file upload.cif (mmCIF, C-alpha atoms and all ligand atoms)
data_input
loop_
_atom_site.label_atom_id
_atom_site.label_comp_id
_atom_site.auth_asym_id
_atom_site.auth_seq_id
_atom_site.Cartn_x
_atom_site.Cartn_y
_atom_site.Cartn_z
CA MET X 1 -11.13 7.51 -4.21
CA ALA X 2 -10.82 4.67 -1.74
CA ARG X 3 -13.95 3.28 -0.18
CA GLU X 4 -15.12 4.61 3.15
CA ASN X 5 -16.97 1.39 3.96
CA VAL X 6 -16.05 0.35 7.48
CA ASN X 7 -16.56 -3.34 7.93
CA ALA X 8 -17.18 -4.06 11.56
CA GLU X 9 -17.63 -7.79 11.06
CA GLU X 10 -14.74 -9.99 12.13
CA ASN X 11 -13.89 -13.25 10.44
CA THR X 12 -13.50 -15.34 13.55
CA ASN X 13 -12.76 -18.49 11.56
CA VAL X 14 -9.30 -17.20 10.76
CA LYS X 15 -6.57 -18.78 12.80
CA ASP X 16 -4.13 -16.07 13.83
CA GLY X 17 -1.27 -18.56 13.74
CA PHE X 18 1.82 -16.48 13.15
CA THR X 19 4.98 -15.71 15.08
CA PRO X 20 4.82 -12.15 16.45
CA VAL X 21 7.71 -9.93 15.40
CA GLU X 22 9.88 -7.98 17.82
CA TYR X 23 10.29 -4.27 17.13
CA ASP X 24 13.46 -3.35 15.27
CA PRO X 25 13.98 0.47 15.39
CA LYS X 26 15.44 0.62 11.89
CA TYR X 27 11.95 -0.11 10.59
CA ILE X 28 9.28 2.57 10.83
CA LEU X 29 6.68 0.02 9.84
CA MET X 30 6.57 -3.72 10.44
CA VAL X 31 3.65 -5.58 8.87
CA ASN X 32 3.37 -9.20 9.91
CA ASN X 33 0.87 -11.64 8.39
CA LEU X 34 -1.73 -8.88 8.05
CA LYS X 35 -5.19 -10.08 7.03
CA LYS X 36 -8.28 -8.07 6.18
CA HIS X 37 -11.39 -9.99 5.17
CA PHE X 38 -14.66 -8.28 4.25
CA ALA X 39 -17.98 -9.93 5.08
CA ILE X 40 -20.31 -10.90 2.24
CA LYS X 41 -23.88 -10.47 3.38
CA GLY X 42 -26.55 -12.54 1.64
CA GLY X 43 -30.08 -11.22 1.18
CA MET X 44 -32.09 -11.02 4.38
CA ILE X 45 -29.56 -12.93 6.43
CA SER X 46 -27.52 -10.66 8.67
CA LYS X 47 -24.80 -13.27 9.19
CA PRO X 48 -21.95 -13.29 6.66
CA VAL X 49 -22.36 -15.90 3.95
CA GLY X 50 -18.72 -15.64 2.93
CA TRP X 51 -15.60 -13.50 3.08
CA VAL X 52 -13.69 -11.45 0.56
CA LYS X 53 -10.10 -12.20 1.51
CA ALA X 54 -8.81 -8.89 0.22
CA VAL X 55 -5.59 -9.05 2.27
CA ASP X 56 -4.69 -12.55 3.31
CA GLY X 57 -1.32 -12.65 5.03
CA VAL X 58 0.93 -9.74 4.02
CA THR X 59 4.36 -9.43 5.62
CA PHE X 60 7.02 -6.78 5.04
CA ASN X 61 9.18 -4.25 6.87
CA LEU X 62 9.72 -0.67 5.77
CA LYS X 63 13.04 0.99 6.60
CA ARG X 64 12.88 4.58 7.82
CA GLY X 65 13.15 7.17 5.05
CA THR X 66 12.69 4.64 2.25
CA THR X 67 9.97 3.72 -0.22
CA MET X 68 8.28 0.38 -0.63
CA GLY X 69 6.47 -0.06 -3.93
CA LEU X 70 3.40 -2.27 -4.10
CA VAL X 71 2.36 -3.67 -7.47
CA GLY X 72 -0.18 -6.14 -8.77
CA GLU X 73 -3.29 -6.37 -10.91
CA SER X 74 -6.48 -4.53 -10.15
CA GLY X 75 -8.33 -6.07 -7.20
CA CYS X 76 -5.32 -7.88 -5.72
CA GLY X 77 -5.60 -5.96 -2.42
CA LYS X 78 -3.12 -3.06 -2.68
CA THR X 79 -5.49 -0.33 -1.48
CA THR X 80 -6.92 -2.56 1.24
CA THR X 81 -3.37 -3.24 2.47
CA GLY X 82 -2.63 0.50 2.64
CA ARG X 83 -5.90 1.26 4.38
CA ALA X 84 -5.56 -1.63 6.82
CA ILE X 85 -2.09 -0.40 7.81
CA LEU X 86 -3.59 3.02 8.56
CA ARG X 87 -6.53 1.43 10.41
CA LEU X 88 -8.99 3.03 8.02
CA SER X 89 -11.13 -0.06 7.38
CA GLY X 90 -12.38 -1.03 10.81
CA LYS X 91 -10.83 -4.01 12.57
CA LYS X 92 -8.05 -6.11 11.10
CA THR X 93 -8.80 -9.80 10.67
CA ALA X 94 -5.39 -11.01 11.83
CA GLY X 95 -1.72 -10.12 12.03
CA GLN X 96 0.39 -7.26 13.33
CA VAL X 97 0.96 -3.66 12.22
CA LEU X 98 3.77 -2.05 14.20
CA PHE X 99 4.27 1.66 13.57
CA ASN X 100 7.37 2.87 15.39
CA GLY X 101 7.08 -0.30 17.45
CA ARG X 102 3.48 0.23 18.53
CA GLU X 103 0.65 -2.02 17.44
CA VAL X 104 -1.64 0.36 15.54
CA TYR X 105 -4.72 -1.71 16.39
CA ASP X 106 -4.01 -1.53 20.14
CA LEU X 107 -4.08 2.28 20.26
CA THR X 108 -6.96 3.99 22.07
CA ALA X 109 -9.16 6.38 20.09
CA ARG X 110 -7.24 9.29 21.59
CA GLU X 111 -3.83 7.78 20.76
CA MET X 112 -5.05 6.95 17.27
CA ARG X 113 -6.10 10.56 16.71
CA SER X 114 -2.60 11.83 17.31
CA MET X 115 -1.08 8.87 15.42
CA ARG X 116 -3.19 9.85 12.38
CA THR X 117 -1.05 12.94 11.89
CA LYS X 118 2.04 10.71 11.62
CA MET X 119 0.47 8.35 9.08
CA GLN X 120 -1.08 10.02 6.05
CA ILE X 121 -2.56 8.91 2.74
CA ILE X 122 -2.61 10.49 -0.70
CA PHE X 123 -5.22 9.20 -3.13
CA GLN X 124 -5.32 8.64 -6.85
CA ASP X 125 -7.99 11.16 -7.61
CA PRO X 126 -7.00 14.56 -6.24
CA PHE X 127 -10.30 16.13 -7.20
CA SER X 128 -12.73 13.91 -5.33
CA SER X 129 -10.57 14.00 -2.19
CA LEU X 130 -10.73 17.82 -1.99
CA SER X 131 -13.80 19.60 -0.69
CA PRO X 132 -15.07 21.83 -3.53
CA ARG X 133 -16.52 24.34 -1.06
CA LEU X 134 -13.34 25.17 0.85
CA PRO X 135 -10.55 27.49 -0.32
CA VAL X 136 -7.15 25.85 -0.58
CA GLY X 137 -5.70 27.59 2.50
CA GLU X 138 -8.55 26.15 4.56
CA ILE X 139 -8.17 22.67 3.02
CA ILE X 140 -4.49 22.60 3.98
CA GLY X 141 -4.91 24.36 7.32
CA GLU X 142 -8.06 22.75 8.71
CA ALA X 143 -6.41 19.76 10.35
CA VAL X 144 -3.31 21.79 11.28
CA ARG X 145 -5.54 23.93 13.47
CA GLU X 146 -7.47 20.96 14.80
CA HIS X 147 -4.33 19.10 15.84
CA LYS X 148 -2.59 22.28 17.01
CA ILE X 149 0.47 21.48 14.93
CA VAL X 150 1.80 25.06 15.34
CA PRO X 151 0.91 27.98 17.68
CA LYS X 152 -1.82 30.31 16.34
CA GLU X 153 0.57 33.18 15.60
CA GLU X 154 2.73 30.94 13.39
CA PHE X 155 -0.18 29.41 11.49
CA ASN X 156 -0.14 31.63 8.39
CA ASP X 157 3.61 31.48 7.91
CA TYR X 158 3.53 27.72 8.42
CA ILE X 159 0.87 27.19 5.74
CA ASP X 160 2.80 29.47 3.34
CA ARG X 161 5.94 27.44 3.97
CA ILE X 162 4.21 24.10 3.42
CA MET X 163 2.61 25.41 0.21
CA ASP X 164 5.96 26.71 -0.98
CA ASN X 165 7.52 23.30 -0.33
CA CYS X 166 4.83 21.79 -2.53
CA GLY X 167 5.25 24.30 -5.38
CA LEU X 168 2.16 26.39 -4.52
CA GLN X 169 1.99 30.18 -4.17
CA PRO X 170 0.52 32.12 -1.19
CA PHE X 171 -2.21 33.63 -3.42
CA HIS X 172 -3.46 30.09 -4.14
CA LYS X 173 -4.83 30.02 -0.59
CA VAL X 174 -7.99 31.91 -1.48
CA ARG X 175 -8.74 29.90 -4.59
CA TYR X 176 -10.97 26.81 -4.85
CA PRO X 177 -9.99 23.31 -6.08
CA HIS X 178 -11.87 23.64 -9.39
CA GLU X 179 -9.60 26.56 -10.33
CA PHE X 180 -6.55 24.26 -10.42
CA SER X 181 -5.17 21.72 -12.88
CA GLY X 182 -4.93 18.02 -11.95
CA GLY X 183 -1.24 18.29 -11.09
CA GLN X 184 -1.80 21.34 -8.89
CA ARG X 185 -4.69 19.62 -7.14
CA GLN X 186 -2.40 16.71 -6.30
CA ARG X 187 0.09 19.27 -4.93
CA ILE X 188 -2.71 20.55 -2.68
CA CYS X 189 -3.40 17.00 -1.45
CA ILE X 190 0.30 16.49 -0.78
CA ALA X 191 0.50 19.84 1.07
CA ARG X 192 -2.52 18.89 3.18
CA ALA X 193 -0.82 15.63 4.19
CA LEU X 194 2.60 17.25 4.70
CA ALA X 195 1.16 20.02 6.89
CA LEU X 196 0.44 17.45 9.60
CA ASN X 197 4.13 16.65 9.84
CA PRO X 198 3.81 12.95 8.96
CA GLU X 199 6.53 10.30 9.10
CA PHE X 200 4.83 7.79 6.84
CA VAL X 201 2.63 8.33 3.79
CA VAL X 202 0.63 5.79 1.81
CA CYS X 203 0.65 7.04 -1.78
CA ASP X 204 -2.19 5.16 -3.49
CA GLU X 205 -1.71 5.58 -7.24
CA PRO X 206 -0.85 9.27 -6.71
CA VAL X 207 0.01 9.97 -10.35
CA SER X 208 -2.17 7.47 -12.23
CA ALA X 209 -4.91 10.01 -13.00
CA LEU X 210 -2.47 12.69 -14.21
CA ASP X 211 -1.17 13.44 -17.69
CA VAL X 212 2.18 11.81 -18.35
CA SER X 213 3.92 15.18 -18.56
CA ILE X 214 2.71 16.09 -15.06
CA GLN X 215 3.46 12.70 -13.49
CA ALA X 216 7.22 13.30 -13.41
CA GLN X 217 6.75 16.63 -11.61
CA ILE X 218 4.68 15.03 -8.86
CA ILE X 219 7.12 12.11 -8.54
CA ASN X 220 9.99 14.60 -8.22
CA LEU X 221 8.04 16.54 -5.60
CA LEU X 222 7.43 13.36 -3.57
CA GLU X 223 11.13 12.51 -3.79
CA ASP X 224 12.22 16.01 -2.74
CA LEU X 225 9.84 15.98 0.21
CA GLN X 226 11.03 12.53 1.23
CA GLU X 227 14.60 13.75 1.39
CA LYS X 228 13.77 17.01 3.13
CA PHE X 229 11.39 15.61 5.74
CA LYS X 230 12.80 12.05 6.02
CA LEU X 231 9.47 10.57 4.96
CA SER X 232 8.79 6.88 4.44
CA TYR X 233 6.39 5.87 1.67
CA LEU X 234 4.26 2.92 0.72
CA PHE X 235 3.87 3.62 -2.98
CA ILE X 236 1.02 1.79 -4.71
CA SER X 237 1.07 1.89 -8.49
CA HIS X 238 0.26 0.07 -11.70
CA ASP X 239 3.11 1.76 -13.47
CA LEU X 240 6.12 -0.50 -13.14
CA SER X 241 8.54 2.10 -14.48
CA VAL X 242 7.39 4.62 -11.86
CA VAL X 243 7.70 1.98 -9.13
CA GLU X 244 11.19 1.02 -10.32
CA HIS X 245 12.19 4.67 -10.27
CA ILE X 246 10.86 5.65 -6.86
CA SER X 247 11.08 2.47 -4.74
CA ASP X 248 13.90 1.06 -2.64
CA ALA X 249 12.01 -2.21 -2.21
CA VAL X 250 9.11 -3.73 -4.13
CA GLY X 251 6.34 -6.11 -3.09
CA VAL X 252 4.34 -8.00 -5.70
CA MET X 253 0.77 -8.84 -4.67
CA TYR X 254 -1.52 -11.53 -5.95
CA LEU X 255 -4.97 -12.21 -4.53
CA GLY X 256 -4.22 -10.80 -1.11
CA ASN X 257 -0.67 -12.14 -0.71
CA LEU X 258 2.82 -10.84 -1.33
CA VAL X 259 4.21 -13.48 -3.68
CA GLU X 260 7.61 -11.82 -4.04
CA TYR X 261 9.38 -9.10 -2.13
CA GLY X 262 12.86 -7.63 -2.20
CA GLU X 263 15.09 -4.75 -3.13
CA THR X 264 13.98 -2.98 -6.30
CA LYS X 265 17.13 -3.85 -8.27
CA ASP X 266 16.78 -7.55 -7.42
CA ILE X 267 13.07 -7.71 -8.25
CA PHE X 268 13.55 -5.95 -11.58
CA SER X 269 16.82 -7.61 -12.64
CA SER X 270 15.92 -11.14 -11.55
CA PRO X 271 12.23 -11.65 -10.87
CA LEU X 272 11.71 -15.16 -9.50
CA HIS X 273 7.99 -15.74 -9.09
CA PRO X 274 6.08 -16.75 -12.25
CA TYR X 275 3.50 -14.06 -11.48
CA THR X 276 6.14 -11.33 -11.24
CA LYS X 277 7.61 -12.52 -14.53
CA ALA X 278 4.17 -12.43 -16.17
CA LEU X 279 3.46 -9.00 -14.70
CA PHE X 280 6.72 -7.59 -16.02
CA SER X 281 6.14 -8.96 -19.49
CA ALA X 282 2.50 -7.82 -19.69
CA ILE X 283 1.82 -4.77 -21.80
CA PRO X 284 -0.25 -2.13 -20.02
CA VAL X 285 -3.50 -1.57 -21.85
CA PRO X 286 -4.36 2.10 -22.30
CA ASP X 287 -7.88 2.88 -21.19
CA PRO X 288 -8.80 6.40 -22.34
CA ASN X 289 -11.79 6.51 -20.01
CA ALA X 290 -9.85 5.67 -16.87
CA ARG X 291 -6.93 7.87 -17.98
CA MET X 292 -4.50 5.28 -16.64
CA ASN X 293 -2.78 2.16 -17.87
CA ARG X 294 -3.87 -1.08 -16.32
CA ILE X 295 -1.71 -4.18 -16.29
CA VAL X 296 -3.62 -6.97 -18.04
CA LEU X 297 -2.39 -10.57 -17.91
CA GLU X 298 -3.73 -13.64 -19.72
CA GLY X 299 -6.71 -15.20 -17.94
CA SER X 300 -8.78 -13.46 -15.35
CA ILE X 301 -7.87 -13.01 -11.73
CA PRO X 302 -9.94 -15.39 -9.53
CA SER X 303 -12.27 -13.95 -6.92
CA PRO X 304 -10.72 -13.21 -3.53
CA ALA X 305 -14.01 -14.54 -2.08
CA ASN X 306 -13.23 -17.97 -3.46
CA PRO X 307 -9.47 -18.17 -4.08
CA PRO X 308 -7.96 -21.30 -5.65
CA SER X 309 -6.59 -23.96 -3.30
CA GLY X 310 -2.84 -24.52 -2.84
CA CYS X 311 -0.97 -21.77 -4.66
CA LYS X 312 -3.55 -19.10 -5.51
CA PHE X 313 -1.76 -18.46 -8.84
CA HIS X 314 -1.99 -22.09 -9.99
CA THR X 315 -4.99 -21.51 -12.30
CA ARG X 316 -2.89 -19.13 -14.43
CA CYS X 317 0.65 -20.37 -13.91
CA PRO X 318 2.51 -21.91 -16.88
CA TYR X 319 4.74 -23.89 -14.48
CA CYS X 320 1.92 -25.36 -12.36
CA MET X 321 2.78 -28.76 -10.86
CA ASP X 322 0.44 -31.21 -9.11
CA LYS X 323 1.38 -30.09 -5.63
CA CYS X 324 0.68 -26.46 -6.55
CA LYS X 325 -3.03 -27.33 -6.67
CA THR X 326 -3.18 -28.60 -3.10
CA GLU X 327 -0.18 -27.35 -1.10
CA GLU X 328 0.24 -23.70 -0.17
CA PRO X 329 3.84 -22.67 -0.92
CA GLN X 330 5.79 -21.13 1.95
CA GLN X 331 7.86 -17.98 1.83
CA ARG X 332 11.57 -18.55 1.16
CA GLU X 333 14.47 -16.13 1.22
CA LEU X 334 16.38 -17.20 -1.85
CA GLU X 335 18.90 -14.39 -1.96
CA PRO X 336 19.65 -11.98 0.85
CA GLY X 337 16.49 -9.88 1.32
CA HIS X 338 14.79 -11.46 -1.70
CA TYR X 339 11.70 -13.47 -0.72
CA VAL X 340 9.52 -15.64 -2.93
CA VAL X 341 6.48 -17.84 -2.34
CA CYS X 342 6.54 -20.60 -4.98
CA HIS X 343 7.04 -24.41 -5.06
CA LEU X 344 9.52 -24.06 -7.93
CA TYR X 345 12.10 -23.06 -5.34
CA ASP X 346 11.29 -25.71 -2.72
CA GLY X 347 14.50 -27.62 -3.46
CA GLU X 348 16.76 -24.57 -3.28
CA SER X 349 18.81 -23.96 -0.20
CA GLY X 350 18.13 -20.20 0.10
CA VAL X 351 19.84 -17.85 2.50
CA LYS X 352 21.53 -19.14 5.66
CA HIS X 353 19.87 -18.05 8.86
CA ASP X 354 21.69 -17.39 12.09
CA ALA X 355 21.29 -19.52 15.20
CA LYS X 356 18.33 -17.43 16.46
CA GLY X 357 16.48 -18.13 13.24
CA GLY X 358 16.80 -14.55 11.95
CA ALA X 359 18.03 -13.87 8.46
CA GLU X 360 21.21 -11.86 8.04
CA THR X 361 19.40 -9.37 5.85
CA ASP X 362 16.85 -6.61 5.94
CA GLY X 363 13.43 -7.22 4.57
CA GLU X 364 10.51 -9.45 5.16
CA ASN X 365 10.29 -11.58 8.26
CA ALA X 366 11.29 -15.07 7.43
N1 LIG X 401 -15.11 -2.38 1.72
C1 LIG X 401 -15.06 -3.48 0.99
N2 LIG X 401 -16.04 -4.42 1.09
C2 LIG X 401 -15.99 -5.55 0.37
N3 LIG X 401 -15.01 -5.86 -0.50
C3 LIG X 401 -14.03 -4.97 -0.66
C4 LIG X 401 -13.99 -3.74 0.07
N4 LIG X 401 -12.87 -3.05 -0.27
C5 LIG X 401 -12.24 -3.82 -1.19
N5 LIG X 401 -12.94 -4.96 -1.42
C6 LIG X 401 -12.55 -6.04 -2.34
O1 LIG X 401 -11.26 -6.45 -1.97
C7 LIG X 401 -10.49 -6.78 -3.12
C8 LIG X 401 -9.23 -5.94 -3.13
O2 LIG X 401 -9.58 -4.60 -3.41
P1 LIG X 401 -8.53 -3.41 -3.45
O3 LIG X 401 -9.28 -2.17 -3.71
O4 LIG X 401 -7.69 -3.48 -2.24
O5 LIG X 401 -7.64 -3.80 -4.71
P2 LIG X 401 -6.51 -2.96 -5.47
O6 LIG X 401 -5.35 -3.88 -5.64
O7 LIG X 401 -6.28 -1.68 -4.77
O8 LIG X 401 -7.20 -2.72 -6.89
P3 LIG X 401 -7.02 -1.45 -7.90
O9 LIG X 401 -5.69 -1.65 -8.55
O10 LIG X 401 -8.15 -1.61 -8.85
O11 LIG X 401 -7.10 -0.19 -7.10
C9 LIG X 401 -11.39 -6.55 -4.32
O12 LIG X 401 -11.99 -7.79 -4.67
C10 LIG X 401 -12.43 -5.59 -3.78
O13 LIG X 401 -13.64 -5.73 -4.47
S1 LIG X 402 3.69 -22.54 -6.65
FE1 LIG X 402 3.31 -23.61 -8.58
S2 LIG X 402 1.48 -22.63 -9.43
FE2 LIG X 402 2.29 -21.30 -7.85
S3 LIG X 402 3.58 -19.85 -8.92
FE3 LIG X 402 4.91 -21.50 -8.21
S4 LIG X 402 4.97 -22.98 -9.92
FE4 LIG X 402 3.25 -21.58 -10.29
MG MG X 403 -6.49 0.33 -5.33
#
call {"tool": "encode", "arguments": {"input": "upload.cif", "output": "structure tokens", "more": "lines below"}}
Ligand SMILES: Nc1ncnc2c1ncn2[C@@H]1O[C@H](COP(=O)(O)OP(=O)(O)OP(=O)(O)O)[C@@H](O)[C@H]1O
Ligand code: SF4
Ligand SMILES: [Mg+2]
result
Amino acid sequence: MARENVNAEENTNVKDGFTPVEYDPKYILMVNNLKKHFAIKGGMISKPVGWVKAVDGVTFNLKRGTTMGLVGESGCGKTTTGRAILRLSGKKTAGQVLFNGREVYDLTAREMRSMRTKMQIIFQDPFSSLSPRLPVGEIIGEAVREHKIVPKEEFNDYIDRIMDNCGLQPFHKVRYPHEFSGGQRQRICIARALALNPEFVVCDEPVSALDVSIQAQIINLLEDLQEKFKLSYLFISHDLSVVEHISDAVGVMYLGNLVEYGETKDIFSSPLHPYTKALFSAIPVPDPNARMNRIVLEGSIPSPANPPSGCKFHTRCPYCMDKCKTEEPQQRELEPGHYVVCHLYDGESGVKHDAKGGAETDGENA
């Protein structure tokens, strides 16, 4: 389960030098240069002695009713990105998160409370995110009652309907989480999120802990619910085939940055960034203890507390040039809606932008 650690410290050394984006209603979510750094505290000193740059400038837009997949090795910042979007990790370090055009970090506590119902999260481990002491009906209904989603007299029917939508039976209401299989427990988590009538759901490795035979059922359920309730998803996963199947767009993360981003078919048919290429050619290593396949590339991922200079991937990149070690590559839109951050493409002309400087395509902010 994701960490509950709320890091109140702000990295004030970060220059928030980015161009703010204007709200475009076709996007439910606009993430612009989002940064989330965690303080490293040393011994007795209360002041931070360094920063873990878990998310270090992530930019993408999510179209309403679509799915954005987020891939990358363990520790690259996927979960932190999802949690920072939902404002679950204290303050952001820099950047913008516009949900339906409103900056999430500008909402008052009261506004945030009602916004929480619109933005939900489903975790990897359905067991640890369910209270063992509550019956399923209470787990699903607790927040429905609290947020007064439906009038009292409709409550029972509403919960039955939500459970039915998630493949659960009314008699399951009186049972406890330990009485269910892993797949059913994930259905309970999905029902709990769905009951709040969300518009956007962060799915953080929602099938990674499940048996392969059950994974497809949960993926199908998420797809059905998306269609029925017009949901938008940020789908975090190590499983590239699952991401290819479920996502409309894919972002590839490395050490806190999106190094490549675009429509799923473009990313999978013509990956451009050397890291994406390496990721796609890496064989997942089965780990029987973790019950999930992790992507393992050659060489170890550097620490986000001390990332390499220039291009952060230069210590592992087979195409590394001199300037890669010192100059940070900038994001370029090489094909419509297909963005890459790599010096290999510095000489290429990319996509033409209109007179206002906006690209003619959907996708990441240029
Ligand atoms: N609350 C926290 N305090 C300090 N460091 C953190 C915190 N949360 C995450 N990190 C660090 O931030 C980096 C990114 O972590 P994150 O969990 O976002 O990665 P991830 O891509 O989701 O990895 P995985 O695939 O293993 O789930 C890691 O180095 C992690 O140790
Ligand atoms: S910028 Fe250089 S080091 Fe980085 S991915 Fe591109 S070629 Fe490799
Ligand atoms: Mg994670």
call {"tool": "closest_atom_pairs", "arguments": {"input": "upload.cif", "of": "chain X", "to": "ligand LIG 401 (chain X)", "cutoff": "10 Å", "atoms": "only C-alpha atoms and all ligand atoms", "output": "tab-separated table"}}
result
residue	atom	partner	partner_atom	distance
X:Met1	CA	X:LIG401	O11	9.2
X:Ala2	CA	X:LIG401	O3	7.3
X:Arg3	CA	X:LIG401	N1	6.1
X:Glu4	CA	X:LIG401	N1	7.1
X:Asn5	CA	X:LIG401	N1	4.8
X:Val6	CA	X:LIG401	N1	6.4
X:Asn7	CA	X:LIG401	N1	6.4
X:Lys36	CA	X:LIG401	O1	8.8
X:His37	CA	X:LIG401	N3	7.9
X:Phe38	CA	X:LIG401	C2	4.9
X:Ala39	CA	X:LIG401	C2	6.7
X:Ile40	CA	X:LIG401	C2	7.1
X:Lys41	CA	X:LIG401	C2	9.8
X:Trp51	CA	X:LIG401	C2	8.4
X:Val52	CA	X:LIG401	N3	5.8
X:Lys53	CA	X:LIG401	O1	6.8
X:Ala54	CA	X:LIG401	O1	4.1
X:Val55	CA	X:LIG401	C8	7.2
X:Leu70	CA	X:LIG401	O6	9.0
X:Val71	CA	X:LIG401	O6	7.9
X:Gly72	CA	X:LIG401	O6	6.5
X:Glu73	CA	X:LIG401	O9	5.8
X:Ser74	CA	X:LIG401	O9	3.4
X:Gly75	CA	X:LIG401	O5	3.4
X:Cys76	CA	X:LIG401	O6	4.0
X:Gly77	CA	X:LIG401	O4	3.2
X:Lys78	CA	X:LIG401	O6	3.8
X:Thr79	CA	X:LIG401	O7	3.6
X:Thr80	CA	X:LIG401	O4	3.7
X:Thr81	CA	X:LIG401	O4	6.4
X:Gly82	CA	X:LIG401	O4	8.1
X:Arg83	CA	X:LIG401	O4	8.3
X:Ala84	CA	X:LIG401	O4	9.5
X:Ser89	CA	X:LIG401	N1	7.3
X:Gly90	CA	X:LIG401	N1	9.6
X:Gln124	CA	X:LIG401	O11	9.0
X:Asp204	CA	X:LIG401	O7	8.1
X:Glu205	CA	X:LIG401	O11	7.9
X:Ile236	CA	X:LIG401	O7	8.1
X:Ser237	CA	X:LIG401	O9	7.6
X:His238	CA	X:LIG401	O9	6.9
X:Met253	CA	X:LIG401	O6	7.9
X:Tyr254	CA	X:LIG401	O6	8.6
X:Leu255	CA	X:LIG401	C8	7.7
X:Gly256	CA	X:LIG401	C8	7.3
X:Arg294	CA	X:LIG401	O9	8.0
X:Ile295	CA	X:LIG401	O9	9.1
X:Ile301	CA	X:LIG401	O12	9.7
X:Pro302	CA	X:LIG401	O12	9.3
X:Ser303	CA	X:LIG401	O12	6.6
X:Pro304	CA	X:LIG401	O12	5.7
X:Ala305	CA	X:LIG401	O12	7.5
call {"tool": "residues_around", "arguments": {"input": "upload.cif", "residues": "X:Cys320", "least_positions_apart": "6", "cutoff": "10 Å", "atoms": "only C-alpha atoms", "output": "JSON, numbers by chain"}}
result
{"X": [274, 311, 313, 314, 342, 343, 344]}
call {"tool": "write_last_selection", "arguments": {"input": "upload.cif", "atoms": "C-alpha atoms", "output": "mmCIF file, in the frame of the given file"}}
result
data_model
loop_
_atom_site.group_PDB
_atom_site.id
_atom_site.type_symbol
_atom_site.label_atom_id
_atom_site.label_comp_id
_atom_site.auth_asym_id
_atom_site.auth_seq_id
_atom_site.Cartn_x
_atom_site.Cartn_y
_atom_site.Cartn_z
ATOM 1 C CA PRO X 274 6.080 -16.750 -12.250
ATOM 2 C CA CYS X 311 -0.970 -21.770 -4.660
ATOM 3 C CA PHE X 313 -1.760 -18.460 -8.840
ATOM 4 C CA HIS X 314 -1.990 -22.090 -9.990
ATOM 5 C CA CYS X 342 6.540 -20.600 -4.980
ATOM 6 C CA HIS X 343 7.040 -24.410 -5.060
ATOM 7 C CA LEU X 344 9.520 -24.060 -7.930
#
call {"tool": "atom_distance", "arguments": {"input": "upload.cif", "atom1": "atom CA of X:Leu168", "atom2": "atom CA of X:Gly65"}}
result
24.1 Å
call {"tool": "residues_near_ligand", "arguments": {"input": "upload.cif", "ligand": "ligand LIG 402 (chain X)", "cutoff": "9 Å", "atoms": "all atoms listed in the file", "output": "number ranges by chain"}}
result
X: 259, 273-275, 310-325, 327-330, 341-345
call {"tool": "atom_distance", "arguments": {"input": "upload.cif", "atom1": "atom CA of X:Met68", "atom2": "atom CA of X:Ser213"}}
result
23.7 Å
call {"tool": "closest_residue", "arguments": {"input": "upload.cif", "among": "X:Arg110, X:Cys203, X:Thr59, X:His338", "to": "ligand MG 403 (chain X)", "atoms": "all atoms listed in the file"}}
result
X:Cys203
call {"tool": "residues_around", "arguments": {"input": "upload.cif", "residues": "X:Ala216", "least_positions_apart": "4", "cutoff": "9 Å", "atoms": "only C-alpha atoms", "output": "number ranges by chain"}}
result
X: 207, 212, 220-221, 242
call {"tool": "atom_distance", "arguments": {"input": "upload.cif", "atom1": "atom CA of X:Gly137", "atom2": "atom CA of X:Met163"}}
result
8.9 Å
call {"tool": "closest_residue", "arguments": {"input": "upload.cif", "among": "X:Gly251, X:Val104, X:Pro206, X:Leu222", "to": "ligand MG 403 (chain X)", "atoms": "only C-alpha atoms and all ligand atoms"}}
result
X:Pro206
call {"tool": "closest_residue", "arguments": {"input": "upload.cif", "among": "X:Arg113, X:Lys265, X:Lys35, X:Lys230", "to": "X:Ser247", "atoms": "all atoms listed in the file"}}
result
X:Lys265
call {"tool": "closest_residue", "arguments": {"input": "upload.cif", "among": "X:Thr276, X:Ser281, X:Ser241, X:Ser208", "to": "ligand MG 403 (chain X)", "atoms": "all atoms listed in the file"}}
result
X:Ser208
call {"tool": "residues_around", "arguments": {"input": "upload.cif", "residues": "X:Asp106", "least_positions_apart": "2", "cutoff": "12 Å", "atoms": "all atoms listed in the file", "output": "list in words"}}
result
Arg87, Lys91, Lys92, Gln96, Val97, Leu98, Phe99, Gly101, Arg102, Glu103, Val104, Thr108, Ala109, Arg110, Glu111, Met112 and Met115 of chain X
call {"tool": "closest_residue", "arguments": {"input": "upload.cif", "among": "X:Phe60, X:Phe155, X:Phe235, X:Tyr23", "to": "ligand MG 403 (chain X)", "atoms": "all atoms listed in the file"}}
result
X:Phe235
call {"tool": "axis_aligned_box", "arguments": {"input": "upload.cif", "around": "stretch 320-335 of chain X", "padding_each_side": "5 Å", "output": "AutoDock Vina command-line options"}}
result
--center_x 7.9 --center_y -22.8 --center_z -5.2 --size_x 32.1 --size_y 26.8 --size_z 24.3
call {"tool": "closest_residue", "arguments": {"input": "upload.cif", "among": "X:Asp125, X:Asp56, X:Glu142, X:Glu260", "to": "ligand MG 403 (chain X)", "atoms": "all atoms listed in the file"}}
result
X:Asp125
call {"tool": "residues_around", "arguments": {"input": "upload.cif", "residues": "X:Tyr233", "least_positions_apart": "2", "cutoff": "6 Å", "atoms": "only C-alpha atoms", "output": "PyMOL selection string"}}
result
chain X and resi 67+200-202+235
